[in-house]
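Enquirer: First the structure, which I've put down as structure tokens, then a few questions once you've had a look.
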Amino acid sequence: MFFRNLFFYTLPEISAVTDEALESALESAALKPVGALAMQSRGFVPPLGESGALLQGIENSLWLCLGGEDRILPAAVVQRECQLKIAELEQAKGHPLGKRARAQLKQETLDTLMPRAFVKPSRVNAIINRKRGFIAIDTSSAKAAEALVSKLREALGSFPALPLQAEQAPRSILTQFLLGQELPEHWHLGEECELQDPAEKGALVKCLRHDLASEEVLSHLNAGKQVSRLAFLFDANLAFVLGEDLILRKFKLLAGAVDGIENGNPESLQEELMARFALFSAELDALYLSFARAMKLQSANPQALAA
């Protein structure tokens, strides 16, 4: 269940929500099969598979999962079927259909095709960290992250979840790191960056598998470009690309971090998943604390960012 992306929201009031209340809220908002005439359905599903609890917890971390069902109905298919019906009616009536009649026929065509459309399932995992007061969502899409948080708000009635706020522009901090400012403890530069001219529609330079301390990269910075994305290694266990939007992409646990699990012998898939959850949540706790300090994140509860 290792995440590939980390999209954070802060949860200033998470300490007031008990595990029991949260699990009850998830149950009230569990995923229901998409209706015959609906395009999509969203709701919470068990993180460990088809059955089981909707909330899994280890120490200060809670694992939940938003499931989805989407009907796949290409617009071209609807258009083709609609045009065939329009042509048949126009031939039968002997005159072109009006705008209202065409719109009604399109809706009827859609209603006819939807029950026959394929249903595509989806899952978005998230971890709530009570100690640090955040939720980390496995997506780089603001729309997908907001969908999960909105469903959580809907289930709980009132549940503040706020985007990350930094005291200083993240682009400025990332640029200073690449210019040689001392990195946070346990942080090391990776081999990927994105440099952007601050002017509107300015030049964009992407470096992959590149020595970021090279003169070539430095020349772009001296020409006025700024860092919009930058790759890091953390504590020799984690690798990620941090963007100025404060989303961590290409997130990966390195070999040293997962040796214990790979060398273990779990008796079931559920046990392996929980072992991965335990490892990942511990690494995430340490990373978020360092990340929040490095990017000068604002916190409604300063004690959450204490060691």
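Chains: A, B, ... in order of the structure tokens. Residues: from 1 per chain. Ligands: from 1, in order shown.
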Write out as a compact mmCIF listing (two decimals) with N, CA and C atoms, in the first residue's frame all residues of segment 84-236 of chain A that DSSP puts in alpha helix (DSSP H) for this structure's backbone.
Expert:
# COMPACT_ATOMS: atom_id res chain seq x y z
N LEU A 84 -27.91 8.62 -35.37
CA LEU A 84 -28.69 7.61 -36.09
C LEU A 84 -30.18 7.78 -35.81
N LYS A 85 -30.52 8.01 -34.54
CA LYS A 85 -31.93 8.18 -34.19
C LYS A 85 -32.50 9.48 -34.77
N ILE A 86 -31.70 10.52 -34.78
CA ILE A 86 -32.15 11.79 -35.35
C ILE A 86 -32.44 11.61 -36.85
N ALA A 87 -31.52 10.92 -37.53
CA ALA A 87 -31.70 10.70 -38.96
C ALA A 87 -32.97 9.90 -39.24
N GLU A 88 -33.23 8.88 -38.42
CA GLU A 88 -34.43 8.05 -38.60
C GLU A 88 -35.70 8.88 -38.41
N LEU A 89 -35.72 9.70 -37.34
CA LEU A 89 -36.91 10.50 -37.06
C LEU A 89 -37.13 11.58 -38.12
N GLU A 90 -36.04 12.21 -38.53
CA GLU A 90 -36.17 13.26 -39.55
C GLU A 90 -36.69 12.69 -40.87
N GLN A 91 -36.24 11.47 -41.19
CA GLN A 91 -36.72 10.83 -42.41
C GLN A 91 -38.21 10.47 -42.29
N ALA A 92 -38.59 9.99 -41.08
CA ALA A 92 -39.98 9.60 -40.88
C ALA A 92 -40.92 10.82 -40.88
N LYS A 93 -40.45 11.94 -40.28
CA LYS A 93 -41.29 13.13 -40.18
C LYS A 93 -41.22 14.00 -41.42
N LYS A 99 -34.21 22.16 -31.91
CA LYS A 99 -33.16 22.08 -30.89
C LYS A 99 -33.64 21.33 -29.65
N ARG A 100 -34.87 21.61 -29.22
CA ARG A 100 -35.38 20.95 -28.02
C ARG A 100 -35.58 19.46 -28.25
N ALA A 101 -36.07 19.09 -29.41
CA ALA A 101 -36.28 17.67 -29.73
C ALA A 101 -34.95 16.93 -29.80
N ARG A 102 -33.94 17.58 -30.36
CA ARG A 102 -32.60 16.95 -30.43
C ARG A 102 -32.02 16.73 -29.03
N ALA A 103 -32.19 17.73 -28.15
CA ALA A 103 -31.68 17.61 -26.78
C ALA A 103 -32.39 16.49 -26.03
N GLN A 104 -33.70 16.39 -26.23
CA GLN A 104 -34.45 15.32 -25.56
C GLN A 104 -34.04 13.95 -26.07
N LEU A 105 -33.81 13.87 -27.37
CA LEU A 105 -33.40 12.60 -27.96
C LEU A 105 -32.01 12.19 -27.48
N LYS A 106 -31.12 13.17 -27.29
CA LYS A 106 -29.79 12.87 -26.78
C LYS A 106 -29.86 12.30 -25.36
N GLN A 107 -30.74 12.91 -24.52
CA GLN A 107 -30.89 12.42 -23.15
C GLN A 107 -31.46 11.02 -23.14
N GLU A 108 -32.44 10.75 -24.00
CA GLU A 108 -33.02 9.41 -24.08
C GLU A 108 -31.98 8.39 -24.53
N THR A 109 -31.14 8.79 -25.46
CA THR A 109 -30.06 7.90 -25.92
C THR A 109 -29.09 7.60 -24.79
N LEU A 110 -28.75 8.63 -24.02
CA LEU A 110 -27.84 8.46 -22.89
C LEU A 110 -28.44 7.51 -21.85
N ASP A 111 -29.73 7.70 -21.55
CA ASP A 111 -30.40 6.84 -20.57
C ASP A 111 -30.46 5.39 -21.04
N THR A 112 -30.56 5.19 -22.34
CA THR A 112 -30.62 3.83 -22.89
C THR A 112 -29.26 3.15 -22.83
N LEU A 113 -28.20 3.91 -23.09
CA LEU A 113 -26.85 3.32 -23.16
C LEU A 113 -26.22 3.12 -21.79
N ALA A 142 -5.39 17.60 -7.57
CA ALA A 142 -6.13 18.40 -6.60
C ALA A 142 -7.60 17.99 -6.59
N LYS A 143 -8.14 17.66 -7.75
CA LYS A 143 -9.54 17.26 -7.86
C LYS A 143 -9.80 15.97 -7.09
N ALA A 144 -8.92 14.97 -7.25
CA ALA A 144 -9.09 13.69 -6.55
C ALA A 144 -8.92 13.86 -5.04
N ALA A 145 -7.95 14.69 -4.64
CA ALA A 145 -7.73 14.93 -3.21
C ALA A 145 -8.93 15.62 -2.58
N GLU A 146 -9.46 16.63 -3.26
CA GLU A 146 -10.62 17.35 -2.74
C GLU A 146 -11.85 16.45 -2.68
N ALA A 147 -11.97 15.50 -3.63
CA ALA A 147 -13.11 14.58 -3.63
C ALA A 147 -13.09 13.73 -2.36
N LEU A 148 -11.91 13.25 -1.97
CA LEU A 148 -11.82 12.44 -0.76
C LEU A 148 -12.11 13.28 0.48
N VAL A 149 -11.51 14.45 0.56
CA VAL A 149 -11.72 15.32 1.72
C VAL A 149 -13.18 15.77 1.81
N SER A 150 -13.79 16.06 0.67
CA SER A 150 -15.19 16.48 0.66
C SER A 150 -16.11 15.37 1.15
N LYS A 151 -15.80 14.14 0.75
CA LYS A 151 -16.61 13.00 1.20
C LYS A 151 -16.45 12.82 2.71
N LEU A 152 -15.25 13.06 3.21
CA LEU A 152 -15.01 12.96 4.65
C LEU A 152 -15.76 14.05 5.40
N ARG A 153 -15.73 15.27 4.86
CA ARG A 153 -16.49 16.37 5.47
C ARG A 153 -17.98 16.05 5.49
N GLU A 154 -18.47 15.53 4.38
CA GLU A 154 -19.88 15.18 4.26
C GLU A 154 -20.27 14.13 5.30
N ALA A 155 -19.39 13.15 5.51
CA ALA A 155 -19.69 12.07 6.45
C ALA A 155 -19.68 12.56 7.90
N LEU A 156 -18.76 13.48 8.22
CA LEU A 156 -18.61 13.94 9.60
C LEU A 156 -19.47 15.16 9.92
N PRO A 170 7.28 28.56 -1.63
CA PRO A 170 8.03 27.30 -1.81
C PRO A 170 9.03 27.37 -2.95
N ARG A 171 8.67 28.07 -4.03
CA ARG A 171 9.61 28.17 -5.16
C ARG A 171 10.91 28.82 -4.73
N SER A 172 10.81 29.83 -3.88
CA SER A 172 12.00 30.53 -3.39
C SER A 172 12.87 29.59 -2.55
N ILE A 173 12.23 28.80 -1.69
CA ILE A 173 12.98 27.86 -0.85
C ILE A 173 13.68 26.81 -1.70
N LEU A 174 12.98 26.24 -2.67
CA LEU A 174 13.57 25.22 -3.53
C LEU A 174 14.74 25.79 -4.34
N THR A 175 14.58 27.02 -4.80
CA THR A 175 15.65 27.66 -5.58
C THR A 175 16.89 27.84 -4.72
N GLN A 176 16.70 28.28 -3.48
CA GLN A 176 17.85 28.45 -2.58
C GLN A 176 18.55 27.12 -2.31
N PHE A 177 17.79 26.05 -2.17
CA PHE A 177 18.40 24.74 -1.96
C PHE A 177 19.31 24.38 -3.14
N LEU A 178 18.84 24.65 -4.35
CA LEU A 178 19.62 24.28 -5.53
C LEU A 178 20.81 25.22 -5.71
N GLU A 215 27.53 23.06 -13.67
CA GLU A 215 27.55 24.44 -14.16
C GLU A 215 26.36 24.72 -15.08
N GLU A 216 25.94 23.70 -15.81
CA GLU A 216 24.82 23.88 -16.74
C GLU A 216 23.55 24.29 -15.99
N VAL A 217 23.27 23.60 -14.89
CA VAL A 217 22.09 23.93 -14.10
C VAL A 217 22.26 25.31 -13.45
N LEU A 218 23.46 25.58 -12.94
CA LEU A 218 23.72 26.85 -12.28
C LEU A 218 23.54 28.02 -13.25
N SER A 219 23.90 27.81 -14.51
CA SER A 219 23.77 28.89 -15.50
C SER A 219 22.30 29.27 -15.71
N HIS A 220 21.42 28.29 -15.66
CA HIS A 220 19.99 28.59 -15.78
C HIS A 220 19.49 29.41 -14.59
N LEU A 221 19.98 29.06 -13.40
CA LEU A 221 19.58 29.81 -12.21
C LEU A 221 20.12 31.24 -12.26
N ASN A 222 21.36 31.38 -12.72
CA ASN A 222 21.94 32.73 -12.83
C ASN A 222 21.24 33.56 -13.87
Enquirer: Can you list, as a PDB file with N, CA, C and O atoms, in the first residue's frame, every protein, DNA or RNA residue that comes within 10 Å of segment 198-209 of chain A when you count only C-alpha atoms, leaving out same-chain residues fewer than 6 positions away?
Expert:
ATOM      1  N   GLY A 190      18.417  14.950  -5.308  1.00  0.00           N
ATOM      2  CA  GLY A 190      18.296  13.839  -6.238  1.00  0.00           C
ATOM      3  C   GLY A 190      18.880  14.225  -7.592  1.00  0.00           C
ATOM      4  O   GLY A 190      19.813  15.031  -7.673  1.00  0.00           O
ATOM      5  N   GLU A 191      18.300  13.678  -8.656  1.00  0.00           N
ATOM      6  CA  GLU A 191      18.836  13.921 -10.001  1.00  0.00           C
ATOM      7  C   GLU A 191      17.755  14.441 -10.954  1.00  0.00           C
ATOM      8  O   GLU A 191      17.777  14.161 -12.143  1.00  0.00           O
ATOM      9  N   GLU A 192      16.812  15.186 -10.417  1.00  0.00           N
ATOM     10  CA  GLU A 192      15.736  15.706 -11.260  1.00  0.00           C
ATOM     11  C   GLU A 192      15.311  17.080 -10.762  1.00  0.00           C
ATOM     12  O   GLU A 192      15.224  17.317  -9.551  1.00  0.00           O
ATOM     13  N   VAL A 217      23.271  23.605 -14.892  1.00  0.00           N
ATOM     14  CA  VAL A 217      22.092  23.934 -14.100  1.00  0.00           C
ATOM     15  C   VAL A 217      22.262  25.305 -13.453  1.00  0.00           C
ATOM     16  O   VAL A 217      21.332  26.122 -13.442  1.00  0.00           O
ATOM     17  N   HIS A 220      21.422  28.288 -15.655  1.00  0.00           N
ATOM     18  CA  HIS A 220      19.988  28.589 -15.781  1.00  0.00           C
ATOM     19  C   HIS A 220      19.493  29.409 -14.592  1.00  0.00           C
ATOM     20  O   HIS A 220      18.686  30.336 -14.746  1.00  0.00           O
ATOM     21  N   GLY A 224      18.115  33.667 -14.150  1.00  0.00           N
ATOM     22  CA  GLY A 224      16.854  34.122 -13.580  1.00  0.00           C
ATOM     23  C   GLY A 224      15.781  33.071 -13.439  1.00  0.00           C
ATOM     24  O   GLY A 224      14.694  33.353 -12.919  1.00  0.00           O
ATOM     25  N   LYS A 225      16.061  31.867 -13.900  1.00  0.00           N
ATOM     26  CA  LYS A 225      15.052  30.811 -13.746  1.00  0.00           C
ATOM     27  C   LYS A 225      14.953  30.397 -12.281  1.00  0.00           C
ATOM     28  O   LYS A 225      15.913  30.523 -11.515  1.00  0.00           O
ATOM     29  N   GLN A 226      13.774  29.893 -11.909  1.00  0.00           N
ATOM     30  CA  GLN A 226      13.521  29.463 -10.544  1.00  0.00           C
ATOM     31  C   GLN A 226      13.101  27.997 -10.521  1.00  0.00           C
ATOM     32  O   GLN A 226      12.624  27.464 -11.527  1.00  0.00           O
ATOM     33  N   VAL A 227      13.251  27.371  -9.381  1.00  0.00           N
ATOM     34  CA  VAL A 227      12.966  25.938  -9.262  1.00  0.00           C
ATOM     35  C   VAL A 227      11.493  25.730  -8.940  1.00  0.00           C
ATOM     36  O   VAL A 227      10.990  26.232  -7.934  1.00  0.00           O
ATOM     37  N   SER A 228      10.796  24.986  -9.812  1.00  0.00           N
ATOM     38  CA  SER A 228       9.394  24.666  -9.560  1.00  0.00           C
ATOM     39  C   SER A 228       9.217  23.231  -9.074  1.00  0.00           C
ATOM     40  O   SER A 228       8.205  22.910  -8.450  1.00  0.00           O
ATOM     41  N   ARG A 229      10.202  22.367  -9.359  1.00  0.00           N
ATOM     42  CA  ARG A 229      10.196  21.003  -8.830  1.00  0.00           C
ATOM     43  C   ARG A 229      11.636  20.571  -8.594  1.00  0.00           C
ATOM     44  O   ARG A 229      12.520  20.917  -9.380  1.00  0.00           O
ATOM     45  N   LEU A 230      11.831  19.787  -7.522  1.00  0.00           N
ATOM     46  CA  LEU A 230      13.178  19.374  -7.172  1.00  0.00           C
ATOM     47  C   LEU A 230      13.154  18.009  -6.492  1.00  0.00           C
ATOM     48  O   LEU A 230      12.332  17.773  -5.617  1.00  0.00           O
ATOM     49  N   ALA A 231      14.036  17.118  -6.936  1.00  0.00           N
ATOM     50  CA  ALA A 231      14.092  15.763  -6.389  1.00  0.00           C
ATOM     51  C   ALA A 231      14.975  15.716  -5.152  1.00  0.00           C
ATOM     52  O   ALA A 231      16.024  16.370  -5.091  1.00  0.00           O
TER      53      ALA A 231
END
Enquirer: May I ask for the distance between atom CA of Thr10 of chain A and atom CA of Gln168 of chain A, given in Å to one decimal place?
Expert: 17.3 Å
Enquirer: Between atom CA of His210 of chain A and atom CA of Gly180 of chain A, what distance in Å does the model show, to one decimal?
Expert: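 Pair atom CA of His210 of chain A / atom CA of Gly180 of chain A returns 16.1 Å.
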Enquirer: Just want the 8 Å neighbourhood of segment 65-74 of chain A, counted on only C-alpha atoms, with same-chain residues fewer than 6 positions away dropped. Output as a ChimeraX atom specification.
Expert: /A:31,33-34,38-47,54,113-114,117-126,148
Enquirer: Keeping only C-alpha atoms, take the residues you just selected and write them out as a tab-separated table (two decimals), in the first residue's frame.
Expert:
chain	number	residue	atom	x	y	z
A	31	LEU	CA	-19.51	3.04	-1.33
A	33	PRO	CA	-22.93	0.44	-6.46
A	34	VAL	CA	-23.33	3.04	-9.18
A	38	ALA	CA	-25.81	7.45	-12.72
A	39	MET	CA	-22.37	8.15	-14.13
A	40	GLN	CA	-20.44	7.66	-10.91
A	41	SER	CA	-20.58	6.71	-7.24
A	42	ARG	CA	-18.14	7.54	-4.43
A	43	GLY	CA	-17.87	6.13	-0.93
A	44	PHE	CA	-15.46	4.57	1.53
A	45	VAL	CA	-14.28	0.98	1.16
A	46	PRO	CA	-12.20	-1.34	3.39
A	47	PRO	CA	-8.48	-0.57	2.96
A	54	LEU	CA	-13.38	0.80	6.86
A	113	LEU	CA	-26.85	3.32	-23.16
A	114	MET	CA	-25.84	3.93	-19.53
A	117	ALA	CA	-21.80	0.80	-20.08
A	118	PHE	CA	-18.78	-0.76	-18.40
A	119	VAL	CA	-18.14	0.18	-14.77
A	120	LYS	CA	-14.57	1.11	-13.86
A	121	PRO	CA	-13.61	0.78	-10.17
A	122	SER	CA	-11.08	3.07	-8.47
A	123	ARG	CA	-9.43	3.47	-5.06
A	124	VAL	CA	-7.69	6.42	-3.42
A	125	ASN	CA	-5.83	5.67	-0.19
A	126	ALA	CA	-5.22	8.18	2.58
A	148	LEU	CA	-11.82	12.44	-0.76
Enquirer: Between atom CA of Lys296 of chain A and atom CA of Glu194 of chain A, what is the distance, to one decimal in Å?
Expert: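 Between atom CA of Lys296 of chain A and atom CA of Glu194 of chain A the gap is 21.0 Å.
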Enquirer: Using only C-alpha atoms, which protein or nucleic acid residues come within 10 Å of Lys131 of chain A? Drop anything in the same chain fewer than 4 positions from it, and give the result as number ranges by chain.
Expert: A: 14-15, 59-61, 285, 303-306
Enquirer: How would the residues just chosen look if you wrote them out with C-alpha atoms as an mmCIF file, in the first residue's frame?
Expert:
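Everything below was put into out_5.cif:
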data_model
loop_
_atom_site.group_PDB
_atom_site.id
_atom_site.type_symbol
_atom_site.label_atom_id
_atom_site.label_comp_id
_atom_site.auth_asym_id
_atom_site.auth_seq_id
_atom_site.Cartn_x
_atom_site.Cartn_y
_atom_site.Cartn_z
ATOM 1 C CA ILE A 14 -8.608 15.915 14.281
ATOM 2 C CA SER A 15 -7.875 15.433 17.987
ATOM 3 C CA GLU A 59 -0.578 4.108 16.949
ATOM 4 C CA ASN A 60 -1.224 7.682 15.705
ATOM 5 C CA SER A 61 -1.966 6.696 12.108
ATOM 6 C CA ASP A 285 5.584 10.724 10.326
ATOM 7 C CA GLN A 303 2.996 21.344 19.166
ATOM 8 C CA ALA A 304 2.163 19.073 16.219
ATOM 9 C CA LEU A 305 5.524 19.942 14.692
ATOM 10 C CA ALA A 306 7.489 19.244 17.862
#
